[in-house]
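Structure file target09.txt (compact mmCIF, C-alpha atoms and all ligand atoms) follows.
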# COMPACT_ATOMS: atom_id res chain seq x y z
CA MET Y 1 -7.09 13.02 12.38
CA ARG Y 2 -5.54 10.63 9.87
CA LYS Y 3 -1.74 10.68 9.68
CA THR Y 4 -0.43 10.88 6.12
CA LEU Y 5 1.46 7.76 5.06
CA ILE Y 6 3.93 7.66 2.18
CA ALA Y 7 4.89 4.07 1.37
CA GLY Y 8 7.52 2.94 -1.11
CA ASN Y 9 6.98 -0.38 -2.89
CA TRP Y 10 10.36 -1.35 -4.30
CA LYS Y 11 8.97 -4.42 -6.10
CA LEU Y 12 11.67 -6.67 -7.64
CA ASN Y 13 14.42 -4.06 -7.24
CA LYS Y 14 17.25 -3.46 -4.79
CA GLY Y 15 19.10 -6.37 -3.23
CA PRO Y 16 20.51 -5.93 0.29
CA LYS Y 17 23.48 -3.71 -0.68
CA GLU Y 18 21.49 -1.34 -2.86
CA SER Y 19 18.60 -1.32 -0.38
CA VAL Y 20 20.90 -0.16 2.39
CA LYS Y 21 22.21 2.67 0.21
CA LEU Y 22 18.74 3.79 -0.77
CA VAL Y 23 17.23 3.69 2.70
CA ARG Y 24 20.20 5.51 4.19
CA SER Y 25 19.84 8.25 1.63
CA ILE Y 26 16.09 8.53 2.31
CA GLY Y 27 16.75 8.57 6.06
CA MET Y 28 19.32 11.37 5.82
CA GLY Y 29 16.91 13.42 3.74
CA LEU Y 30 14.22 13.07 6.39
CA HIS Y 31 16.20 15.08 8.92
CA GLY Y 32 13.84 17.71 10.30
CA VAL Y 33 10.87 16.31 8.38
CA ASP Y 34 7.89 15.75 10.64
CA GLY Y 35 4.16 15.09 10.31
CA CYS Y 36 4.16 12.22 7.87
CA GLU Y 37 4.70 8.48 8.34
CA VAL Y 38 7.27 6.98 5.97
CA LEU Y 39 7.36 3.30 5.02
CA VAL Y 40 9.65 1.32 2.72
CA CYS Y 41 8.86 -2.14 1.37
CA PRO Y 42 12.04 -3.74 -0.03
CA PRO Y 43 12.26 -7.31 -1.39
CA TYR Y 44 12.25 -10.06 1.26
CA VAL Y 45 16.02 -10.69 1.22
CA SER Y 46 16.76 -7.01 1.92
CA LEU Y 47 14.46 -6.71 4.94
CA PRO Y 48 16.98 -7.60 7.70
CA ALA Y 49 19.67 -5.23 6.31
CA VAL Y 50 17.20 -2.37 5.91
CA ASN Y 51 15.80 -3.03 9.38
CA GLU Y 52 19.23 -2.44 10.88
CA ILE Y 53 19.65 0.89 9.09
CA ILE Y 54 16.21 2.34 9.84
CA ASN Y 55 16.78 2.12 13.59
CA GLY Y 56 18.11 5.64 13.59
CA PHE Y 57 15.53 7.06 11.16
CA PRO Y 58 11.78 7.75 11.24
CA ILE Y 59 11.12 5.02 8.69
CA ALA Y 60 8.99 1.91 9.10
CA LEU Y 61 9.63 -1.40 7.37
CA GLY Y 62 7.09 -3.35 5.34
CA ALA Y 63 6.91 -6.38 3.08
CA GLN Y 64 5.36 -6.59 -0.37
CA ASN Y 65 3.51 -9.85 0.20
CA CYS Y 66 3.22 -12.83 2.56
CA ALA Y 67 2.04 -16.42 2.49
CA ASP Y 68 -1.61 -17.26 2.98
CA HIS Y 69 -0.58 -20.02 5.42
CA CYS Y 70 1.24 -19.72 8.72
CA ASP Y 71 3.66 -22.63 8.18
CA GLY Y 72 4.05 -26.01 6.51
CA ALA Y 73 4.92 -27.45 3.11
CA TYR Y 74 4.67 -24.31 0.98
CA THR Y 75 8.02 -24.10 -0.82
CA GLY Y 76 9.20 -20.58 -1.50
CA GLU Y 77 6.72 -18.87 0.80
CA ILE Y 78 7.37 -16.45 3.68
CA SER Y 79 4.91 -16.19 6.58
CA ALA Y 80 3.56 -13.09 8.25
CA GLU Y 81 5.14 -14.21 11.55
CA MET Y 82 8.57 -14.39 9.87
CA LEU Y 83 8.12 -10.89 8.48
CA SER Y 84 7.25 -9.56 11.89
CA GLU Y 85 10.35 -11.27 13.30
CA VAL Y 86 12.61 -9.35 10.89
CA GLY Y 87 11.06 -6.02 11.84
CA CYS Y 88 8.12 -5.51 9.45
CA LYS Y 89 5.25 -3.38 10.66
CA TYR Y 90 3.22 -3.47 7.42
CA VAL Y 91 2.52 -5.97 4.64
CA ILE Y 92 1.10 -5.06 1.23
CA VAL Y 93 -1.68 -7.45 0.21
CA ALA Y 94 -3.53 -7.80 -3.12
CA HIS Y 95 -1.29 -5.60 -5.22
CA SER Y 96 -2.58 -5.68 -8.81
CA GLU Y 97 0.65 -7.38 -9.90
CA ARG Y 98 -0.13 -10.22 -7.46
CA ARG Y 99 -3.71 -10.36 -8.72
CA GLU Y 100 -2.61 -10.45 -12.35
CA HIS Y 101 0.66 -12.41 -12.50
CA TYR Y 102 0.02 -14.85 -9.65
CA GLN Y 103 -3.76 -15.21 -9.96
CA GLU Y 104 -4.26 -14.44 -6.28
CA THR Y 105 -7.86 -14.57 -5.14
CA ASP Y 106 -10.09 -12.79 -2.63
CA ALA Y 107 -10.00 -15.91 -0.42
CA SER Y 108 -6.21 -15.76 -0.21
CA PHE Y 109 -6.30 -11.98 0.50
CA ILE Y 110 -8.61 -12.63 3.45
CA ASP Y 111 -6.28 -15.32 4.82
CA LYS Y 112 -3.21 -13.14 4.30
CA ILE Y 113 -4.70 -10.08 6.00
CA ASN Y 114 -5.90 -12.18 8.95
CA LEU Y 115 -2.39 -13.63 9.31
CA VAL Y 116 -0.81 -10.16 9.06
CA HIS Y 117 -3.10 -8.94 11.84
CA ALA Y 118 -2.48 -12.04 13.96
CA ALA Y 119 1.26 -11.32 13.70
CA GLY Y 120 0.66 -7.80 15.05
CA MET Y 121 1.26 -5.96 11.77
CA ARG Y 122 -0.84 -3.70 9.56
CA ALA Y 123 -2.09 -4.76 6.15
CA ILE Y 124 -2.16 -2.41 3.16
CA PHE Y 125 -5.01 -3.73 1.04
CA CYS Y 126 -4.78 -2.72 -2.64
CA TYR Y 127 -7.70 -2.50 -5.04
CA GLY Y 128 -8.53 -0.71 -8.27
CA GLU Y 129 -10.01 -1.03 -11.72
CA LYS Y 130 -8.37 -1.87 -15.04
CA ILE Y 131 -8.47 0.48 -18.01
CA GLU Y 132 -11.25 -1.46 -19.75
CA ASP Y 133 -13.39 -1.16 -16.61
CA ARG Y 134 -12.88 2.60 -16.45
CA ARG Y 135 -13.62 3.02 -20.16
CA ALA Y 136 -16.80 1.00 -19.72
CA GLY Y 137 -17.85 3.21 -16.79
CA ARG Y 138 -17.43 0.31 -14.36
CA ALA Y 139 -14.69 1.71 -12.09
CA GLU Y 140 -17.02 2.23 -9.14
CA GLU Y 141 -18.58 -1.20 -9.50
CA ILE Y 142 -15.16 -2.90 -9.54
CA VAL Y 143 -13.99 -0.98 -6.48
CA ARG Y 144 -17.21 -1.83 -4.62
CA THR Y 145 -16.89 -5.51 -5.53
CA GLN Y 146 -13.22 -5.74 -4.53
CA LEU Y 147 -13.72 -4.03 -1.17
CA GLN Y 148 -16.91 -5.92 -0.30
CA ALA Y 149 -15.37 -9.28 -1.22
CA VAL Y 150 -12.67 -8.92 1.42
CA LEU Y 151 -13.22 -6.35 4.18
CA PRO Y 152 -16.42 -7.69 5.82
CA GLN Y 153 -14.97 -11.23 5.77
CA LEU Y 154 -11.90 -10.32 7.88
CA ASP Y 155 -11.64 -11.48 11.50
CA SER Y 156 -10.98 -7.85 12.37
CA PHE Y 157 -10.92 -4.55 10.50
CA THR Y 158 -9.82 -1.40 12.31
CA PRO Y 159 -8.22 1.86 11.16
CA GLU Y 160 -5.14 0.75 13.12
CA ASN Y 161 -4.72 -2.69 11.57
CA THR Y 162 -5.61 -1.93 7.94
CA VAL Y 163 -4.77 0.76 5.40
CA LEU Y 164 -6.55 0.84 2.03
CA ALA Y 165 -4.70 1.67 -1.19
CA TYR Y 166 -6.69 2.64 -4.27
CA GLU Y 167 -4.48 1.85 -7.25
CA PRO Y 168 -6.09 2.17 -10.66
CA VAL Y 169 -4.27 -0.54 -12.60
CA TRP Y 170 -3.97 1.66 -15.69
CA ALA Y 171 -1.94 4.19 -13.69
CA ILE Y 172 0.58 1.75 -12.19
CA GLY Y 173 4.01 2.13 -13.75
CA THR Y 174 2.54 3.82 -16.83
CA GLY Y 175 3.30 7.47 -16.09
CA GLU Y 176 -0.43 8.11 -16.39
CA THR Y 177 -1.96 9.37 -13.14
CA ALA Y 178 -5.59 9.61 -12.13
CA THR Y 179 -6.60 13.25 -11.92
CA PRO Y 180 -7.14 14.44 -8.35
CA GLU Y 181 -10.89 14.57 -9.11
CA MET Y 182 -10.99 10.97 -10.37
CA ALA Y 183 -8.98 9.75 -7.41
CA GLN Y 184 -10.98 11.76 -4.86
CA ASP Y 185 -14.27 10.36 -6.25
CA ILE Y 186 -13.09 6.78 -5.73
CA HIS Y 187 -11.57 7.54 -2.33
CA ASN Y 188 -14.80 9.14 -1.21
CA LEU Y 189 -16.76 6.16 -2.49
CA SER Y 190 -14.35 3.82 -0.67
CA ARG Y 191 -14.81 5.70 2.60
CA ASN Y 192 -18.59 5.54 2.21
CA LEU Y 193 -18.36 1.82 1.54
CA VAL Y 194 -16.30 1.32 4.69
CA ALA Y 195 -18.92 3.30 6.63
CA GLY Y 196 -21.61 1.00 5.24
CA MET Y 197 -19.66 -2.16 6.06
CA PHE Y 198 -18.60 -1.02 9.55
CA ASP Y 199 -19.50 2.43 10.82
CA SER Y 200 -18.79 6.08 10.12
CA ASN Y 201 -16.21 6.44 12.92
CA ILE Y 202 -14.18 3.59 11.47
CA ALA Y 203 -14.53 5.05 7.97
CA GLU Y 204 -13.41 8.51 9.11
CA ALA Y 205 -10.29 7.10 10.78
CA THR Y 206 -9.29 4.69 8.00
CA ARG Y 207 -6.37 5.80 5.85
CA ILE Y 208 -6.83 5.46 2.10
CA LEU Y 209 -3.69 5.83 -0.02
CA TYR Y 210 -3.54 6.60 -3.72
CA GLY Y 211 -1.12 4.66 -5.91
CA GLY Y 212 -0.36 4.98 -9.61
CA SER Y 213 2.56 6.97 -11.05
CA MET Y 214 2.74 9.32 -8.08
CA LYS Y 215 5.73 11.67 -8.34
CA PRO Y 216 6.90 14.92 -6.72
CA SER Y 217 5.10 16.97 -9.38
CA ASN Y 218 1.64 15.46 -8.82
CA ALA Y 219 1.77 14.32 -5.18
CA LYS Y 220 0.73 17.63 -3.64
CA GLU Y 221 -2.52 17.97 -5.59
CA LEU Y 222 -3.46 14.34 -5.02
CA ILE Y 223 -2.72 14.30 -1.30
CA ALA Y 224 -4.51 17.63 -0.82
CA CYS Y 225 -7.79 15.86 -1.69
CA ALA Y 226 -10.07 15.39 1.31
CA ASP Y 227 -10.10 11.58 1.24
CA ILE Y 228 -6.53 10.89 0.06
CA ASP Y 229 -4.31 10.12 3.03
CA GLY Y 230 -1.00 9.49 1.35
CA GLY Y 231 0.58 7.45 -1.40
CA LEU Y 232 1.73 3.97 -2.30
CA VAL Y 233 4.65 4.74 -4.56
CA GLY Y 234 6.38 2.33 -6.94
CA GLY Y 235 8.86 3.70 -9.48
CA ALA Y 236 9.46 7.05 -7.77
CA SER Y 237 10.33 5.31 -4.48
CA LEU Y 238 13.49 3.83 -6.05
CA ASP Y 239 15.19 7.22 -6.14
CA SER Y 240 15.71 9.02 -2.85
CA ASP Y 241 15.27 12.51 -4.34
CA ASN Y 242 11.98 11.58 -5.92
CA PHE Y 243 10.70 9.75 -2.85
CA LEU Y 244 11.74 12.63 -0.56
CA GLY Y 245 10.14 15.04 -3.01
CA ILE Y 246 6.83 13.20 -2.61
CA ILE Y 247 7.16 13.16 1.18
CA LYS Y 248 7.86 16.91 1.26
CA ALA Y 249 4.96 17.59 -1.12
CA ALA Y 250 2.70 15.69 1.27
CA LEU Y 251 3.55 17.81 4.29
C1 LIG C 1 2.69 0.44 -7.22
O1 LIG C 1 3.34 -0.48 -7.69
O2 LIG C 1 2.02 0.26 -6.20
C2 LIG C 1 2.73 1.72 -7.90
C3 LIG C 1 1.87 2.64 -7.57
O3 LIG C 1 3.69 1.87 -8.88
P1 LIG C 1 4.06 3.24 -9.67
O4 LIG C 1 4.18 4.32 -8.64
O5 LIG C 1 5.34 2.94 -10.35
O6 LIG C 1 2.93 3.51 -10.60
Write the structure described by the file as structure tokens, please.
Amino acid sequence: MRKTLIAGNWKLNKGPKESVKLVRSIGMGLHGVDGCEVLVCPPYVSLPAVNEIINGFPIALGAQNCADHCDGAYTGEISAEMLSEVGCKYVIVAHSERREHYQETDASFIDKINLVHAAGMRAIFCYGEKIEDRRAGRAEEIVRTQLQAVLPQLDSFTPENTVLAYEPVWAIGTGETATPEMAQDIHNLSRNLVAGMFDSNIAEATRILYGGSMKPSNAKELIACADIDGGLVGGASLDSDNFLGIIKAAL
């Protein structure tokens, strides 16, 4: 039985003061809510402050990225070990914004995920096609290529140490959402690919999140799909009512 996970990716929003306000408001709204794992991923500088607040709430802490090295002369980078030290349990890797704006590569995703695992955390590995790929009928091919380029190369892949997040790039921050049918097709394909790369027990237990303009009004239909195990939420996670609305829709 896969536990639903609703994860908020706050991106470049919410410094420490605003992060504390937001997470407190989410935490209060979770009173009596059970059956769904909740994760927030604030910017690096807000992690320690948010970690203090979530102590009393059923909320886990995650980071949006990490370095692909463990230490050394890499100015501006933050290691997986450091993130674990400030309370992170998850790290998002390979978000499409990292792929596009920072030209991150499959080789660096492999290194990052291995370092996240070595630090005792879970990786959320993002993948998904661009609009031109979907229009050209190449969505499945892109998803297959992105998953196969990384997952079999990892030192370890288990349903406990890795969560997958299918995020069609054309749906991220655009207000345009994949239909539940479109999303379910890719999630089902992803699960079959995981079964082929590892085995069917691993595939059955692996959580696959959907991300791309998820909101309270569409979350229920998406998460009701057989192979969709929760959401990676950007814009709607910046407002506690919207984020709580998604969590409640997922229950
Ligand atoms: C994301 O950034 O992972 C995301 C899904 O963003 P949004 O929900 O805003 O589309």
Fill in: Ala219 of chain Y environment, 10 Å, all atoms listed in the file, sequence neighbours closer than 4 positions dropped, as an MDAnalysis selection string
chainID Y and resid 180 210 213:215 223:224 230:231 245:250
May I have the residues from that selection written out with C-alpha atoms, as a PDB file, in the frame of the given file?
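Written out: part.pdb:
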ATOM      1  CA  PRO Y 180      -7.140  14.440  -8.350  1.00  0.00           C
ATOM      2  CA  TYR Y 210      -3.540   6.600  -3.720  1.00  0.00           C
ATOM      3  CA  SER Y 213       2.560   6.970 -11.050  1.00  0.00           C
ATOM      4  CA  MET Y 214       2.740   9.320  -8.080  1.00  0.00           C
ATOM      5  CA  LYS Y 215       5.730  11.670  -8.340  1.00  0.00           C
ATOM      6  CA  ILE Y 223      -2.720  14.300  -1.300  1.00  0.00           C
ATOM      7  CA  ALA Y 224      -4.510  17.630  -0.820  1.00  0.00           C
ATOM      8  CA  GLY Y 230      -1.000   9.490   1.350  1.00  0.00           C
ATOM      9  CA  GLY Y 231       0.580   7.450  -1.400  1.00  0.00           C
ATOM     10  CA  GLY Y 245      10.140  15.040  -3.010  1.00  0.00           C
ATOM     11  CA  ILE Y 246       6.830  13.200  -2.610  1.00  0.00           C
ATOM     12  CA  ILE Y 247       7.160  13.160   1.180  1.00  0.00           C
ATOM     13  CA  LYS Y 248       7.860  16.910   1.260  1.00  0.00           C
ATOM     14  CA  ALA Y 249       4.960  17.590  -1.120  1.00  0.00           C
ATOM     15  CA  ALA Y 250       2.700  15.690   1.270  1.00  0.00           C
TER      16      ALA Y 250
END
Within 12 Å of segment 75-89 of chain Y: each segment 153-182 of chain Y residue with its shortest pair, all atoms listed in the file, as CSV:
residue,atom,partner,partner_atom,distance
Y:Glu160,CA,Y:Lys89,CA,11.4
Y:Asn161,CA,Y:Lys89,CA,10.0
Y:Thr162,CA,Y:Lys89,CA,11.3
At a cut-off of 10 Å, can you tabulate as a Markdown table every residue of segment 135-226 of chain Y near segment 103-121 of chain Y together with its closest atom pair and the distance in Å to one decimal, using only C-alpha atoms and ordering rows by chain then number?
| residue | atom | partner | partner_atom | distance |
| --- | --- | --- | --- | --- |
| Y:Gln146 | CA | Y:Asp106 | CA | 7.9 |
| Y:Leu147 | CA | Y:Asp106 | CA | 9.6 |
| Y:Gln148 | CA | Y:Asp106 | CA | 10.0 |
| Y:Ala149 | CA | Y:Asp106 | CA | 6.5 |
| Y:Val150 | CA | Y:Ile110 | CA | 5.9 |
| Y:Leu151 | CA | Y:Ile110 | CA | 7.8 |
| Y:Pro152 | CA | Y:Ile110 | CA | 9.5 |
| Y:Gln153 | CA | Y:Ile110 | CA | 6.9 |
| Y:Leu154 | CA | Y:Ile110 | CA | 6.0 |
| Y:Asp155 | CA | Y:Asn114 | CA | 6.3 |
| Y:Ser156 | CA | Y:Asn114 | CA | 7.5 |
| Y:Phe157 | CA | Y:His117 | CA | 9.1 |
| Y:Glu160 | CA | Y:Met121 | CA | 9.4 |
| Y:Asn161 | CA | Y:His117 | CA | 6.5 |
| Y:Thr162 | CA | Y:His117 | CA | 8.4 |
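Minimum atom-to-atom distances from Y:Cys36, Y:Leu47, Y:Val194, Y:Ile6 to ligand LIG 1 (chain C) were compared using only C-alpha atoms and all ligand atoms, and the lowest value belongs to Y:Ile6.
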Return as CSV the residues of chain Y lying at most 8 Å from ligand LIG 1 (chain C), together with the closest atom-to-atom pair for each and the distance in Å to one decimal, counting only C-alpha atoms and all ligand atoms, with rows in chain order and ascending residue number.
residue,atom,partner,partner_atom,distance
Y:Gly8,CA,C:LIG1,O2,8.0
Y:Asn9,CA,C:LIG1,O2,6.0
Y:Trp10,CA,C:LIG1,O1,7.8
Y:Lys11,CA,C:LIG1,O1,7.1
Y:His95,CA,C:LIG1,O2,6.8
Y:Ser96,CA,C:LIG1,O2,8.0
Y:Glu97,CA,C:LIG1,O1,7.7
Y:Glu167,CA,C:LIG1,C3,6.4
Y:Ala171,CA,C:LIG1,O6,5.8
Y:Ile172,CA,C:LIG1,O6,3.3
Y:Gly173,CA,C:LIG1,O6,3.6
Y:Thr174,CA,C:LIG1,O6,6.2
Y:Gly175,CA,C:LIG1,O6,6.8
Y:Tyr210,CA,C:LIG1,C3,7.7
Y:Gly211,CA,C:LIG1,C3,4.0
Y:Gly212,CA,C:LIG1,O6,3.7
Y:Ser213,CA,C:LIG1,O6,3.5
Y:Met214,CA,C:LIG1,O4,5.2
Y:Lys215,CA,C:LIG1,O4,7.5
Y:Gly231,CA,C:LIG1,C3,7.9
Y:Leu232,CA,C:LIG1,O2,5.4
Y:Val233,CA,C:LIG1,O4,4.1
Y:Gly234,CA,C:LIG1,O3,3.3
Y:Gly235,CA,C:LIG1,O5,3.7
Y:Ala236,CA,C:LIG1,O4,6.0
Y:Ser237,CA,C:LIG1,O4,7.5
Show me, as AutoDock Vina command-line options, the centre and edge lengths in Å to one decimal of the axis-aligned box that covers every listed atom of segment 72-90 of chain Y with 5 Å on each side.
--center_x 7.9 --center_y -15.4 --center_z 5.9 --size_x 19.4 --size_y 34.1 --size_z 24.8
Discussion item. One number please: atom CA of Ala60 of chain Y to atom CA of Tyr90 of chain Y, in Å, one decimal.
Written reply: 8.1 Å
Worksheet item: With only C-alpha atoms as the atoms that count, which of Y:His69, Y:Gln64, Y:Val20, Y:Asp34 lies nearest to Glu52 of chain Y?
Response: Y:Val20
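Note that the spacing between atom CA of Val50 of chain Y and atom CA of Glu100 of chain Y amounts to 28.1 Å.
Using only C-alpha atoms, the shortest contact distance between Thr4 of chain Y and any of Y:Glu141, Y:Asp199, Y:Asp227, Y:Asp68 is found at Y:Asp227.
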